[in-house]
>>> print(open('input-v5.tsv').read())   # TSV, C-alpha atoms and all ligand atoms
chain	number	residue	atom	x	y	z
A	1	MET	CA	21.81	151.08	12.93
A	2	LEU	CA	18.47	151.29	14.67
A	3	ASN	CA	16.44	148.14	14.10
A	4	ASP	CA	12.99	149.11	15.37
A	5	PHE	CA	11.53	152.11	13.61
A	6	THR	CA	8.19	153.87	13.19
A	7	ALA	CA	5.95	153.15	10.20
A	8	TRP	CA	2.32	153.34	9.14
A	9	VAL	CA	1.28	149.79	8.24
A	10	HIS	CA	-1.91	148.77	6.41
A	11	GLU	CA	-2.64	145.11	7.21
A	12	ARG	CA	-5.27	142.62	6.11
A	13	THR	CA	-6.61	139.79	8.29
A	14	ASN	CA	-9.23	137.72	6.47
A	15	ASP	CA	-11.66	140.39	5.24
A	16	SER	CA	-10.84	143.12	7.72
A	17	PHE	CA	-8.20	145.81	7.46
A	18	GLU	CA	-6.19	147.65	10.09
A	19	ILE	CA	-4.10	150.78	9.62
A	20	SER	CA	-1.77	151.59	12.49
A	21	LEU	CA	1.32	153.58	13.35
A	22	LYS	CA	3.67	151.05	14.90
A	23	LYS	CA	7.26	149.92	15.37
A	24	ILE	CA	8.54	147.50	12.74
A	25	LYS	CA	11.92	145.90	11.98
A	26	LEU	CA	14.12	146.33	8.93
A	27	GLU	CA	13.54	142.63	8.12
A	28	GLU	CA	9.85	143.46	7.61
A	29	LEU	CA	10.63	145.75	4.69
A	30	PRO	CA	10.43	144.24	1.20
A	31	ALA	CA	13.52	143.00	-0.61
A	32	GLY	CA	15.38	145.65	-2.59
A	33	ASP	CA	18.84	146.90	-3.46
A	34	VAL	CA	18.84	150.17	-1.55
A	35	LEU	CA	17.91	151.02	2.04
A	36	ILE	CA	16.94	154.68	2.49
A	37	LYS	CA	16.51	156.73	5.68
A	38	VAL	CA	13.45	158.79	4.84
A	39	ALA	CA	13.64	162.51	5.63
A	40	TYR	CA	10.38	163.73	4.06
A	41	SER	CA	7.37	162.26	2.29
A	42	SER	CA	4.25	163.96	0.95
A	43	LEU	CA	0.47	163.61	0.72
A	44	ASN	CA	-1.18	162.89	-2.62
A	45	TYR	CA	-4.77	161.96	-3.51
A	46	LYS	CA	-3.62	158.35	-3.91
A	47	ASP	CA	-2.21	158.39	-0.36
A	48	GLY	CA	-5.65	159.51	0.82
A	49	LEU	CA	-7.14	156.43	-0.87
A	50	ALA	CA	-4.48	154.21	0.73
A	51	PHE	CA	-5.81	155.24	4.17
A	52	LEU	CA	-9.31	153.95	3.40
A	53	PRO	CA	-9.86	150.44	4.79
A	54	GLY	CA	-8.59	148.09	2.05
A	55	GLY	CA	-6.75	150.91	0.34
A	56	GLY	CA	-9.39	152.20	-2.07
A	57	GLN	CA	-8.11	150.02	-4.97
A	58	VAL	CA	-4.67	151.66	-4.68
A	59	LEU	CA	-3.03	149.07	-2.43
A	60	ARG	CA	-2.13	145.82	-4.16
A	61	SER	CA	-0.25	143.96	-1.43
A	62	PHE	CA	-0.62	143.58	2.36
A	63	PRO	CA	0.90	144.33	4.77
A	64	VAL	CA	2.24	147.51	3.21
A	65	VAL	CA	3.60	150.86	4.34
A	66	PRO	CA	1.70	153.57	2.38
A	67	GLY	CA	3.33	156.72	0.97
A	68	ILE	CA	3.92	157.03	-2.81
A	69	ASP	CA	6.74	159.59	-2.43
A	70	LEU	CA	9.92	159.80	-0.39
A	71	ALA	CA	13.17	161.75	-0.18
A	72	GLY	CA	16.06	160.74	2.01
A	73	THR	CA	19.59	159.43	2.38
A	74	VAL	CA	20.95	156.07	1.24
A	75	VAL	CA	22.04	153.94	4.22
A	76	GLN	CA	23.06	150.74	2.42
A	77	SER	CA	23.21	149.85	-1.26
A	78	GLN	CA	23.84	146.61	-3.11
A	79	ASP	CA	23.76	148.48	-6.42
A	80	ALA	CA	26.89	150.23	-7.68
A	81	ALA	CA	24.82	153.22	-8.84
A	82	PHE	CA	24.23	154.34	-5.21
A	83	ARG	CA	26.38	154.67	-2.11
A	84	ALA	CA	25.69	155.33	1.57
A	85	GLY	CA	25.19	159.07	2.04
A	86	ASP	CA	23.66	159.74	-1.40
A	87	ARG	CA	20.65	162.07	-1.36
A	88	VAL	CA	17.82	160.49	-3.36
A	89	LEU	CA	14.10	160.62	-4.10
A	90	VAL	CA	11.55	158.05	-5.23
A	91	THR	CA	8.03	158.57	-6.58
A	92	GLY	CA	5.61	156.15	-8.19
A	93	TYR	CA	6.38	152.64	-9.45
A	94	GLU	CA	5.07	150.31	-6.70
A	95	LEU	CA	6.20	152.58	-3.85
A	96	GLY	CA	3.51	152.71	-1.19
A	97	THR	CA	1.08	150.54	-3.20
A	98	ALA	CA	2.47	147.02	-3.83
A	99	SER	CA	5.76	147.66	-2.01
A	100	SER	CA	6.39	149.52	1.24
A	101	GLY	CA	6.59	153.29	0.80
A	102	GLY	CA	7.47	156.62	2.32
A	103	TYR	CA	5.36	156.74	5.52
A	104	ALA	CA	8.14	155.19	7.62
A	105	GLU	CA	11.58	156.11	8.90
A	106	TYR	CA	13.18	153.61	6.51
A	107	ALA	CA	12.31	152.24	3.06
A	108	ARG	CA	13.97	149.57	0.92
A	109	VAL	CA	13.51	149.90	-2.84
A	110	PRO	CA	14.91	148.63	-6.14
A	111	ALA	CA	17.75	150.86	-7.42
A	112	LYS	CA	15.95	151.33	-10.74
A	113	TRP	CA	13.20	153.38	-9.03
A	114	ILE	CA	15.64	155.93	-7.56
A	115	VAL	CA	16.34	159.46	-8.82
A	116	PRO	CA	19.50	161.13	-7.46
A	117	LEU	CA	18.28	164.30	-5.74
A	118	PRO	CA	19.53	167.37	-7.64
A	119	ASP	CA	21.90	169.42	-5.42
A	120	GLU	CA	19.68	172.49	-5.71
A	121	LEU	CA	16.72	170.78	-4.00
A	122	SER	CA	16.28	170.17	-0.28
A	123	PHE	CA	14.43	167.02	0.84
A	124	ARG	CA	11.51	169.25	1.82
A	125	GLU	CA	11.37	170.96	-1.58
A	126	ALA	CA	11.62	167.62	-3.39
A	127	MET	CA	8.57	166.42	-1.48
A	128	GLY	CA	6.89	169.80	-1.99
A	129	PHE	CA	6.92	168.77	-5.65
A	130	GLY	CA	6.50	165.01	-5.10
A	131	THR	CA	4.24	163.06	-7.44
A	132	ALA	CA	2.03	166.13	-7.92
A	133	GLY	CA	4.92	168.29	-9.14
A	134	LEU	CA	6.31	165.59	-11.41
A	135	THR	CA	2.82	165.04	-12.87
A	136	ALA	CA	2.35	168.77	-13.54
A	137	ALA	CA	5.82	168.90	-15.12
A	138	ILE	CA	5.03	165.94	-17.40
A	139	ALA	CA	1.77	167.67	-18.39
A	140	VAL	CA	3.49	170.98	-19.21
A	141	SER	CA	6.23	169.27	-21.22
A	142	ARG	CA	3.68	167.17	-23.17
A	143	LEU	CA	1.64	170.30	-23.99
A	144	GLU	CA	4.79	172.04	-25.20
A	145	GLN	CA	5.78	169.00	-27.29
A	146	SER	CA	2.32	169.31	-28.86
A	147	GLY	CA	3.15	172.86	-29.91
A	148	LEU	CA	1.87	175.04	-27.04
A	149	ARG	CA	3.79	178.30	-26.67
A	150	PRO	CA	3.23	181.42	-24.49
A	151	GLY	CA	0.99	183.85	-26.35
A	152	ALA	CA	-1.24	181.09	-27.75
A	153	GLY	CA	-4.14	182.15	-25.53
A	154	GLU	CA	-5.49	181.20	-22.13
A	155	VAL	CA	-4.41	177.86	-20.64
A	156	LEU	CA	-6.96	176.35	-18.24
A	157	VAL	CA	-6.05	174.41	-15.09
A	158	THR	CA	-8.88	172.52	-13.36
A	159	GLY	CA	-8.79	171.39	-9.74
A	160	ALA	CA	-6.43	174.34	-9.51
A	161	SER	CA	-6.06	174.60	-5.75
A	162	GLY	CA	-5.13	170.90	-5.37
A	163	GLY	CA	-1.63	169.43	-5.46
A	164	VAL	CA	-1.34	168.76	-9.20
A	165	GLY	CA	-3.44	171.84	-10.02
A	166	SER	CA	-1.45	174.34	-7.93
A	167	MET	CA	1.83	172.98	-9.30
A	168	ALA	CA	0.45	173.25	-12.85
A	169	VAL	CA	-0.65	176.87	-12.27
A	170	ALA	CA	2.79	177.82	-10.89
A	171	LEU	CA	4.80	176.02	-13.61
A	172	LEU	CA	2.70	177.42	-16.47
A	173	ALA	CA	2.74	180.98	-15.09
A	174	GLN	CA	6.50	180.84	-14.55
A	175	ARG	CA	6.94	179.73	-18.18
A	176	GLY	CA	5.01	182.76	-19.42
A	177	TYR	CA	1.56	181.32	-20.09
A	178	THR	CA	-1.69	183.14	-19.36
A	179	VAL	CA	-3.24	180.79	-16.82
A	180	VAL	CA	-6.92	180.56	-15.93
A	181	ALA	CA	-7.43	178.60	-12.72
A	182	ALA	CA	-10.75	176.80	-12.21
A	183	SER	CA	-11.40	176.16	-8.53
A	184	GLY	CA	-14.33	175.23	-6.32
A	185	LYS	CA	-12.80	177.07	-3.36
A	186	ALA	CA	-13.61	180.75	-2.94
A	187	ASP	CA	-10.95	180.97	-0.22
A	188	ALA	CA	-8.21	179.84	-2.65
A	189	HIS	CA	-8.42	182.85	-4.98
A	190	ALA	CA	-5.68	184.91	-3.35
A	191	TYR	CA	-3.44	181.82	-3.25
A	192	LEU	CA	-3.99	181.07	-6.96
A	193	GLN	CA	-3.31	184.69	-7.89
A	194	MET	CA	-0.08	184.57	-5.90
A	195	LEU	CA	0.92	181.45	-7.89
A	196	GLY	CA	0.50	183.47	-11.09
A	197	ALA	CA	-3.08	182.79	-12.27
A	198	ALA	CA	-4.22	185.66	-14.50
A	199	ARG	CA	-7.87	184.87	-13.86
A	200	ILE	CA	-9.84	182.58	-11.57
A	201	ILE	CA	-13.19	181.02	-12.44
A	202	GLY	CA	-15.52	178.87	-10.34
A	203	ARG	CA	-16.08	175.19	-11.11
A	204	GLY	CA	-19.63	176.16	-12.09
A	205	GLU	CA	-18.35	178.27	-14.99
A	206	LEU	CA	-17.08	175.12	-16.72
A	207	LEU	CA	-19.67	173.26	-18.74
A	208	GLN	CA	-20.18	170.30	-16.48
A	209	ASP	CA	-23.84	169.54	-17.12
A	210	GLU	CA	-24.00	166.92	-19.86
A	211	SER	CA	-27.56	167.82	-20.88
A	212	ALA	CA	-26.65	171.49	-21.37
A	213	ARG	CA	-23.40	170.81	-23.23
A	214	LYS	CA	-23.02	170.89	-27.02
A	215	PRO	CA	-20.37	168.64	-28.63
A	216	LEU	CA	-18.51	171.79	-29.65
A	217	GLU	CA	-18.64	174.95	-27.59
A	218	ARG	CA	-17.09	178.39	-28.02
A	219	GLN	CA	-13.31	178.00	-28.40
A	220	ARG	CA	-12.11	179.31	-25.04
A	221	TRP	CA	-8.84	177.58	-24.15
A	222	ALA	CA	-5.56	177.20	-26.04
A	223	ALA	CA	-4.84	174.15	-23.87
A	224	ALA	CA	-5.73	172.67	-20.49
A	225	ILE	CA	-4.30	170.63	-17.63
A	226	ASP	CA	-7.12	168.66	-16.01
A	227	SER	CA	-6.95	166.78	-12.71
A	228	VAL	CA	-10.72	166.47	-12.30
A	229	GLY	CA	-11.85	164.19	-15.17
A	230	GLY	CA	-15.54	163.23	-15.66
A	231	ASP	CA	-17.96	165.89	-16.89
A	232	THR	CA	-15.38	168.62	-16.29
A	233	LEU	CA	-12.97	167.05	-18.78
A	234	ALA	CA	-15.79	166.49	-21.29
A	235	GLY	CA	-16.76	170.16	-21.05
A	236	VAL	CA	-13.14	171.29	-21.37
A	237	LEU	CA	-12.61	169.19	-24.52
A	238	ALA	CA	-15.61	170.85	-26.17
A	239	ALA	CA	-14.15	174.32	-25.53
A	240	ILE	CA	-10.52	173.81	-26.63
A	241	SER	CA	-9.40	176.03	-29.50
A	242	TYR	CA	-8.45	174.65	-32.89
A	243	GLY	CA	-5.30	172.47	-32.66
A	244	GLY	CA	-5.08	172.67	-28.87
A	245	SER	CA	-4.39	169.87	-26.39
A	246	VAL	CA	-5.66	168.72	-23.02
A	247	ALA	CA	-3.35	166.93	-20.58
A	248	ALA	CA	-5.59	164.53	-18.63
A	249	CYS	CA	-3.99	163.86	-15.24
A	250	GLY	CA	-6.69	162.76	-12.81
A	251	LEU	CA	-10.19	161.83	-11.73
A	252	ALA	CA	-10.86	163.85	-8.58
A	253	GLY	CA	-14.34	164.58	-10.00
A	254	GLY	CA	-15.00	161.24	-11.74
A	255	GLY	CA	-13.48	158.52	-13.89
A	256	GLU	CA	-16.07	158.43	-16.68
A	257	LEU	CA	-15.66	160.43	-19.86
A	258	LYS	CA	-18.77	161.08	-21.93
A	259	SER	CA	-17.62	163.05	-24.94
A	260	THR	CA	-17.98	162.95	-28.72
A	261	VAL	CA	-15.20	162.66	-31.28
A	262	LEU	CA	-16.06	166.11	-32.68
A	263	PRO	CA	-13.33	168.09	-30.83
A	264	PHE	CA	-10.78	165.63	-32.26
A	265	ILE	CA	-11.99	165.41	-35.87
A	266	ILE	CA	-13.35	168.95	-36.40
A	267	ARG	CA	-10.87	170.99	-34.35
A	268	GLY	CA	-7.82	168.72	-34.34
A	269	VAL	CA	-7.83	168.68	-30.54
A	270	SER	CA	-5.48	166.19	-28.82
A	271	LEU	CA	-6.14	164.40	-25.55
A	272	LEU	CA	-2.81	163.63	-23.88
A	273	GLY	CA	-2.71	160.94	-21.20
A	274	ILE	CA	-0.40	161.81	-18.31
A	275	ASP	CA	1.07	159.08	-16.10
A	276	SER	CA	3.71	159.78	-13.49
A	277	VAL	CA	3.87	156.27	-11.99
A	278	TYR	CA	5.76	154.53	-14.79
A	279	CYS	CA	7.14	157.69	-16.43
A	280	PRO	CA	10.42	156.47	-18.02
A	281	MET	CA	13.57	157.16	-15.98
A	282	ASP	CA	15.27	159.34	-18.62
A	283	ILE	CA	12.28	161.71	-18.78
A	284	ARG	CA	11.94	161.63	-14.97
A	285	MET	CA	15.59	162.64	-14.46
A	286	LEU	CA	15.30	165.42	-17.02
A	287	LEU	CA	12.14	166.82	-15.45
A	288	TRP	CA	13.56	166.68	-11.89
A	289	GLN	CA	16.60	168.57	-13.17
A	290	LEU	CA	14.30	171.22	-14.68
A	291	LEU	CA	12.22	171.40	-11.48
A	292	SER	CA	15.38	172.00	-9.47
A	293	ASP	CA	16.52	174.77	-11.79
A	294	ASP	CA	14.76	176.76	-14.55
A	295	TRP	CA	11.28	175.44	-13.79
A	296	LYS	CA	11.45	175.82	-9.99
A	297	PRO	CA	8.57	178.17	-9.09
A	298	ALA	CA	9.56	181.39	-7.36
A	299	GLN	CA	6.68	180.65	-4.94
A	300	MET	CA	8.03	177.22	-3.93
A	301	ASP	CA	7.74	177.99	-0.19
A	302	ALA	CA	4.12	179.05	-0.60
A	303	LEU	CA	3.23	175.94	-2.63
A	304	ILE	CA	4.07	173.91	0.48
A	305	THR	CA	1.03	174.92	2.48
A	306	LYS	CA	1.42	172.39	5.30
A	307	GLU	CA	4.16	170.44	7.04
A	308	ILE	CA	2.83	167.61	9.20
A	309	THR	CA	4.17	164.63	11.17
A	310	LEU	CA	3.43	160.93	10.63
A	311	GLU	CA	0.90	161.07	13.50
A	312	GLN	CA	-1.10	163.73	11.64
A	313	VAL	CA	-1.45	161.79	8.37
A	314	PRO	CA	-4.92	160.17	8.87
A	315	GLN	CA	-6.84	163.43	9.29
A	316	HIS	CA	-5.07	164.97	6.28
A	317	ALA	CA	-5.64	161.81	4.21
A	318	ALA	CA	-9.39	162.25	4.81
A	319	ALA	CA	-9.15	165.95	3.96
A	320	ILE	CA	-7.44	165.37	0.59
A	321	LEU	CA	-10.19	162.91	-0.43
A	322	SER	CA	-12.85	165.48	0.40
A	323	GLY	CA	-11.08	167.94	-1.93
A	324	SER	CA	-10.64	170.46	0.87
A	325	LEU	CA	-6.83	170.78	0.97
A	326	ILE	CA	-5.06	173.64	-0.75
A	327	GLY	CA	-1.58	173.23	-2.29
A	328	ARG	CA	0.92	170.63	-1.16
A	329	THR	CA	1.30	168.91	2.21
A	330	VAL	CA	4.73	167.53	3.14
A	331	ILE	CA	5.38	165.02	5.93
A	332	ARG	CA	8.50	165.46	8.07
A	333	ILE	CA	9.80	162.03	9.04
A	334	SER	CA	13.33	162.31	10.39
B	401	LIG	P1	-5.92	167.11	-4.60
B	401	LIG	O1	-7.05	166.64	-3.74
B	401	LIG	O2	-4.81	167.87	-3.98
B	401	LIG	O3	-6.52	168.00	-5.78
B	401	LIG	C1	-7.73	167.70	-6.43
B	401	LIG	C2	-8.50	168.99	-6.64
B	401	LIG	O4	-9.59	168.73	-7.54
B	401	LIG	C3	-9.17	169.51	-5.38
B	401	LIG	O5	-8.34	170.28	-4.57
B	401	LIG	C4	-10.30	170.35	-5.97
B	401	LIG	O6	-9.75	171.57	-6.44
B	401	LIG	C5	-10.70	169.54	-7.20
B	401	LIG	N1	-11.83	168.64	-6.92
B	401	LIG	C6	-11.95	167.76	-5.92
B	401	LIG	N2	-13.13	167.11	-5.98
B	401	LIG	C7	-13.77	167.59	-7.06
B	401	LIG	C8	-15.03	167.35	-7.66
B	401	LIG	N3	-15.88	166.44	-7.16
B	401	LIG	N4	-15.37	168.02	-8.77
B	401	LIG	C9	-14.52	168.94	-9.28
B	401	LIG	N5	-13.30	169.23	-8.74
B	401	LIG	C10	-12.94	168.57	-7.65
B	401	LIG	O7	-5.36	165.81	-5.35
B	401	LIG	P2	-4.02	165.65	-6.25
B	401	LIG	O8	-3.69	166.94	-6.86
B	401	LIG	O9	-3.02	164.87	-5.49
B	401	LIG	O10	-4.59	164.67	-7.37
B	401	LIG	C11	-5.58	165.15	-8.29
B	401	LIG	C12	-6.00	164.01	-9.23
B	401	LIG	O11	-4.90	163.66	-10.06
B	401	LIG	C13	-6.41	162.72	-8.52
B	401	LIG	O12	-7.46	162.12	-9.23
B	401	LIG	C14	-5.16	161.86	-8.59
B	401	LIG	O13	-5.46	160.50	-8.52
B	401	LIG	C15	-4.62	162.28	-9.94
B	401	LIG	N6	-3.17	162.10	-10.06
B	401	LIG	C16	-2.72	161.47	-11.17
B	401	LIG	C17	-1.39	161.31	-11.38
B	401	LIG	C18	-0.91	160.69	-12.65
B	401	LIG	O14	0.21	160.19	-12.69
B	401	LIG	N7	-1.71	160.71	-13.68
B	401	LIG	C19	-0.42	161.73	-10.37
B	401	LIG	C20	-0.99	162.49	-9.27
B	401	LIG	C21	-2.33	162.64	-9.13
B	401	LIG	P3	-10.61	172.96	-6.44
B	401	LIG	O15	-11.30	173.01	-5.12
B	401	LIG	O16	-9.58	174.02	-6.63
B	401	LIG	O17	-11.57	172.86	-7.59
>>> encode(input="input-v5.tsv", output="structure tokens")
Amino acid sequence: MLNDFTAWVHERTNDSFEISLKKIKLEELPAGDVLIKVAYSSLNYKDGLAFLPGGGQVLRSFPVVPGIDLAGTVVQSQDAAFRAGDRVLVTGYELGTASSGGYAEYARVPAKWIVPLPDELSFREAMGFGTAGLTAAIAVSRLEQSGLRPGAGEVLVTGASGGVGSMAVALLAQRGYTVVAASGKADAHAYLQMLGAARIIGRGELLQDESARKPLERQRWAAAIDSVGGDTLAGVLAAISYGGSVAACGLAGGGELKSTVLPFIIRGVSLLGIDSVYCPMDIRMLLWQLLSDDWKPAQMDALITKEITLEQVPQHAAAILSGSLIGRTVIRIS
């Protein structure tokens, strides 16, 4: 087996940080039960943060290989659950944050983080979903557990052209919901329509301005999947119909939430917190099975808008933080 391999490494020396693409040795990877040859990884908002000097509060250990997602083949395993040759994927836990992740030709991880890759998914497709797809799937399943059914009315997706947003639009549309996509990008309208959005509205049409917002607004949305947070989420909560739910996934527009309790106590609205990082393994396995089968969007190829190499990661990491990317970016590693 090759001993020197290519990896992005984020290092700290005293108070300065260095991020470089370099050759490292297998011994430099963290301890773990399973060594994986990485075929594909992907780019998420959190990976963008990991490329800021110091890691934008995402990185918790140095040196570290970033990359919160990976799909590849098991090379060696000390855990009976996996054998050399198994096709696997890993997202979340400490991957690419406190433990070395997917932006390298090899990764070593604890067996308990690993999902066997469903036969129906290629490595590329698995990373087309990645953390964004799993997050959107958790959000859809939580909304349905809260009683949402097709025919209930319009379901809003904010940050719709982003990774989580575009996956949410595609999954909801495929499951028969009437999806309204809220996007700040005029050039993403055709893309969102192709994913199944019934209607597209601009970010400005959501009630973002706190001073202009009433605690309860006209009941517009049966439910919502929000990856923007901040004033957008506050405005969405005020406009959810009686008994509806909002799946809060992200903070691309801000981490503060200035709301009142009125949507909750007058309209019975529920705010559902969505976390993909420590999503329990039984739910994870079930959702990956669904994503590989019934829930797999017909437009899967189109959801993967870019395929890049490890060398091209920095410029795309900056682009995802500026909110300018559309859809999902996968990284071909080996
Ligand atoms: P992307 O950058 O791909 O998508 C974010 C989208 O939000 C953008 O494309 C843009 O969509 C919109 N947006 C960006 N900036 C602003 C702004 N200032 N105001 C309003 N809208 C904005 O990122 P991801 O999809 O990877 O992640 C989205 C969010 O979800 C992040 O905050 C991320 O940390 C979080 N996340 C959470 C997870 C969890 O487990 N809870 C898992 C994965 C992600 P448009 O132009 O269409 O409006």
>>> residues_near_ligand(input="input-v5.tsv", ligand="ligand LIG 401 (chain B)", cutoff="6 Å", atoms="only C-alpha atoms and all ligand atoms", output="ChimeraX atom specification")
/A:44-46,131-132,135,159-165,183-185,227-228,249-253,274-277,320-321,323-325
>>> residues_around(input="input-v5.tsv", residues="Ile138 of chain A", least_positions_apart="5", cutoff="12 Å", atoms="all atoms listed in the file", output="count of residues only")
33
>>> closest_atom_pairs(input="input-v5.tsv", of="segment 107-214 of chain A", to="segment 87-100 of chain A", cutoff="10 Å", atoms="all atoms listed in the file", output="tab-separated table")
residue	atom	partner	partner_atom	distance
A:Ala107	CA	A:Ser100	CA	6.8
A:Arg108	CA	A:Ser100	CA	7.6
A:Val109	CA	A:Leu95	CA	7.9
A:Pro110	CA	A:Leu95	CA	9.8
A:Ala111	CA	A:Val90	CA	9.7
A:Lys112	CA	A:Val90	CA	9.7
A:Trp113	CA	A:Val90	CA	6.2
A:Ile114	CA	A:Val90	CA	5.2
A:Val115	CA	A:Leu89	CA	5.4
A:Pro116	CA	A:Val88	CA	4.5
A:Leu117	CA	A:Val88	CA	4.5
A:Pro118	CA	A:Val88	CA	8.3
A:Asp119	CA	A:Arg87	CA	8.5
A:Leu121	CA	A:Arg87	CA	9.9
A:Ser122	CA	A:Arg87	CA	9.3
A:Phe123	CA	A:Leu89	CA	8.1
A:Ala126	CA	A:Leu89	CA	7.5
A:Met127	CA	A:Leu89	CA	8.4
A:Gly130	CA	A:Thr91	CA	6.8
A:Thr131	CA	A:Thr91	CA	5.9
A:Ala132	CA	A:Thr91	CA	9.7
A:Leu134	CA	A:Thr91	CA	8.7
>>> axis_aligned_box(input="input-v5.tsv", around="segment 33-45 of chain A", padding_each_side="4 Å", output="JSON")
{"center_x": 7.0, "center_y": 155.4, "center_z": 1.1, "size_x": 31.6, "size_y": 25.1, "size_z": 17.2}
>>> closest_residue(input="input-v5.tsv", among="A:Pro63, A:Gly56, A:Gly254, A:Gly102", to="Glu28 of chain A", atoms="all atoms listed in the file")
A:Pro63
>>> residues_around(input="input-v5.tsv", residues="Ala181 of chain A", least_positions_apart="4", cutoff="9 Å", atoms="all atoms listed in the file", output="ChimeraX atom specification")
/A:155-161,165-166,169,189,192-193,197-202
>>> residues_around(input="input-v5.tsv", residues="Asp4 of chain A", least_positions_apart="5", cutoff="6 Å", atoms="only C-alpha atoms", output="list in words")
Lys23, Ile24 and Lys25 of chain A
>>> closest_residue(input="input-v5.tsv", among="A:Glu105, A:Asp293, A:Glu205, A:Asp47", to="Gln315 of chain A", atoms="all atoms listed in the file")
A:Asp47
>>> closest_residue(input="input-v5.tsv", among="A:Ala190, A:Val236, A:Leu43, A:Leu271", to="Glu307 of chain A", atoms="only C-alpha atoms")
A:Leu43
>>> atom_distance(input="input-v5.tsv", atom1="atom CA of Leu49 of chain A", atom2="atom CA of Ala7 of chain A")
17.5 Å
>>> residues_around(input="input-v5.tsv", residues="Pro150 of chain A", least_positions_apart="6", cutoff="8 Å", atoms="all atoms listed in the file", output="short mmCIF file (atom, residue, chain, number, x, y, z; two decimals) with C-alpha atoms, keeping the file's coordinate frame")
data_model
loop_
_atom_site.label_atom_id
_atom_site.label_comp_id
_atom_site.auth_asym_id
_atom_site.auth_seq_id
_atom_site.Cartn_x
_atom_site.Cartn_y
_atom_site.Cartn_z
CA ARG A 175 6.94 179.73 -18.18
CA GLY A 176 5.01 182.76 -19.42
CA TYR A 177 1.56 181.32 -20.09
CA THR A 178 -1.69 183.14 -19.36
#
>>> residues_around(input="input-v5.tsv", residues="Ser211 of chain A", least_positions_apart="2", cutoff="12 Å", atoms="all atoms listed in the file", output="VMD selection string")
chain A and resid 207 to 209 213 to 215 231 234 to 235 258 to 259
>>> atom_distance(input="input-v5.tsv", atom1="atom CA of Ala223 of chain A", atom2="atom CA of Glu125 of chain A")
27.7 Å
>>> atom_distance(input="input-v5.tsv", atom1="atom CA of Ala170 of chain A", atom2="atom CA of Leu148 of chain A")
16.4 Å
>>> decode(input="input-v5.tsv", residues="segment 105-143 of chain A", atoms="C-alpha atoms", output="PDB file, in the first residue's frame")
ATOM      1  CA  GLU A 105      -6.707  10.053  -0.441  1.00  0.00           C
ATOM      2  CA  TYR A 106      -7.026   8.057   2.795  1.00  0.00           C
ATOM      3  CA  ALA A 107      -8.990   8.473   6.043  1.00  0.00           C
ATOM      4  CA  ARG A 108      -9.001   6.436   9.249  1.00  0.00           C
ATOM      5  CA  VAL A 109     -12.222   6.515  11.279  1.00  0.00           C
ATOM      6  CA  PRO A 110     -14.013   4.699  14.102  1.00  0.00           C
ATOM      7  CA  ALA A 111     -16.243   1.893  12.768  1.00  0.00           C
ATOM      8  CA  LYS A 112     -19.257   3.354  14.581  1.00  0.00           C
ATOM      9  CA  TRP A 113     -19.258   6.395  12.237  1.00  0.00           C
ATOM     10  CA  ILE A 114     -19.510   4.283   9.063  1.00  0.00           C
ATOM     11  CA  VAL A 115     -22.617   3.677   6.930  1.00  0.00           C
ATOM     12  CA  PRO A 116     -22.396   0.789   4.437  1.00  0.00           C
ATOM     13  CA  LEU A 117     -22.991   2.374   1.026  1.00  0.00           C
ATOM     14  CA  PRO A 118     -26.307   1.134  -0.418  1.00  0.00           C
ATOM     15  CA  ASP A 119     -25.669  -0.862  -3.639  1.00  0.00           C
ATOM     16  CA  GLU A 120     -27.854   1.501  -5.664  1.00  0.00           C
ATOM     17  CA  LEU A 121     -25.599   4.509  -4.984  1.00  0.00           C
ATOM     18  CA  SER A 122     -22.290   5.298  -6.674  1.00  0.00           C
ATOM     19  CA  PHE A 123     -19.582   7.053  -4.627  1.00  0.00           C
ATOM     20  CA  ARG A 124     -20.278  10.199  -6.655  1.00  0.00           C
ATOM     21  CA  GLU A 125     -24.018  10.084  -5.968  1.00  0.00           C
ATOM     22  CA  ALA A 126     -23.440   9.438  -2.260  1.00  0.00           C
ATOM     23  CA  MET A 127     -21.337  12.596  -2.102  1.00  0.00           C
ATOM     24  CA  GLY A 128     -23.858  14.418  -4.292  1.00  0.00           C
ATOM     25  CA  PHE A 129     -26.151  13.938  -1.297  1.00  0.00           C
ATOM     26  CA  GLY A 130     -23.458  14.177   1.410  1.00  0.00           C
ATOM     27  CA  THR A 131     -24.252  16.054   4.610  1.00  0.00           C
ATOM     28  CA  ALA A 132     -26.585  18.390   2.700  1.00  0.00           C
ATOM     29  CA  GLY A 133     -28.732  15.529   1.390  1.00  0.00           C
ATOM     30  CA  LEU A 134     -28.835  13.750   4.734  1.00  0.00           C
ATOM     31  CA  THR A 135     -29.830  17.023   6.436  1.00  0.00           C
ATOM     32  CA  ALA A 136     -32.633  17.648   3.924  1.00  0.00           C
ATOM     33  CA  ALA A 137     -33.816  14.048   4.365  1.00  0.00           C
ATOM     34  CA  ILE A 138     -33.877  14.413   8.176  1.00  0.00           C
ATOM     35  CA  ALA A 139     -35.857  17.651   7.755  1.00  0.00           C
ATOM     36  CA  VAL A 140     -38.431  16.064   5.422  1.00  0.00           C
ATOM     37  CA  SER A 141     -38.875  13.031   7.668  1.00  0.00           C
ATOM     38  CA  ARG A 142     -39.277  15.220  10.787  1.00  0.00           C
ATOM     39  CA  LEU A 143     -41.909  17.356   9.015  1.00  0.00           C
TER      40      LEU A 143
END
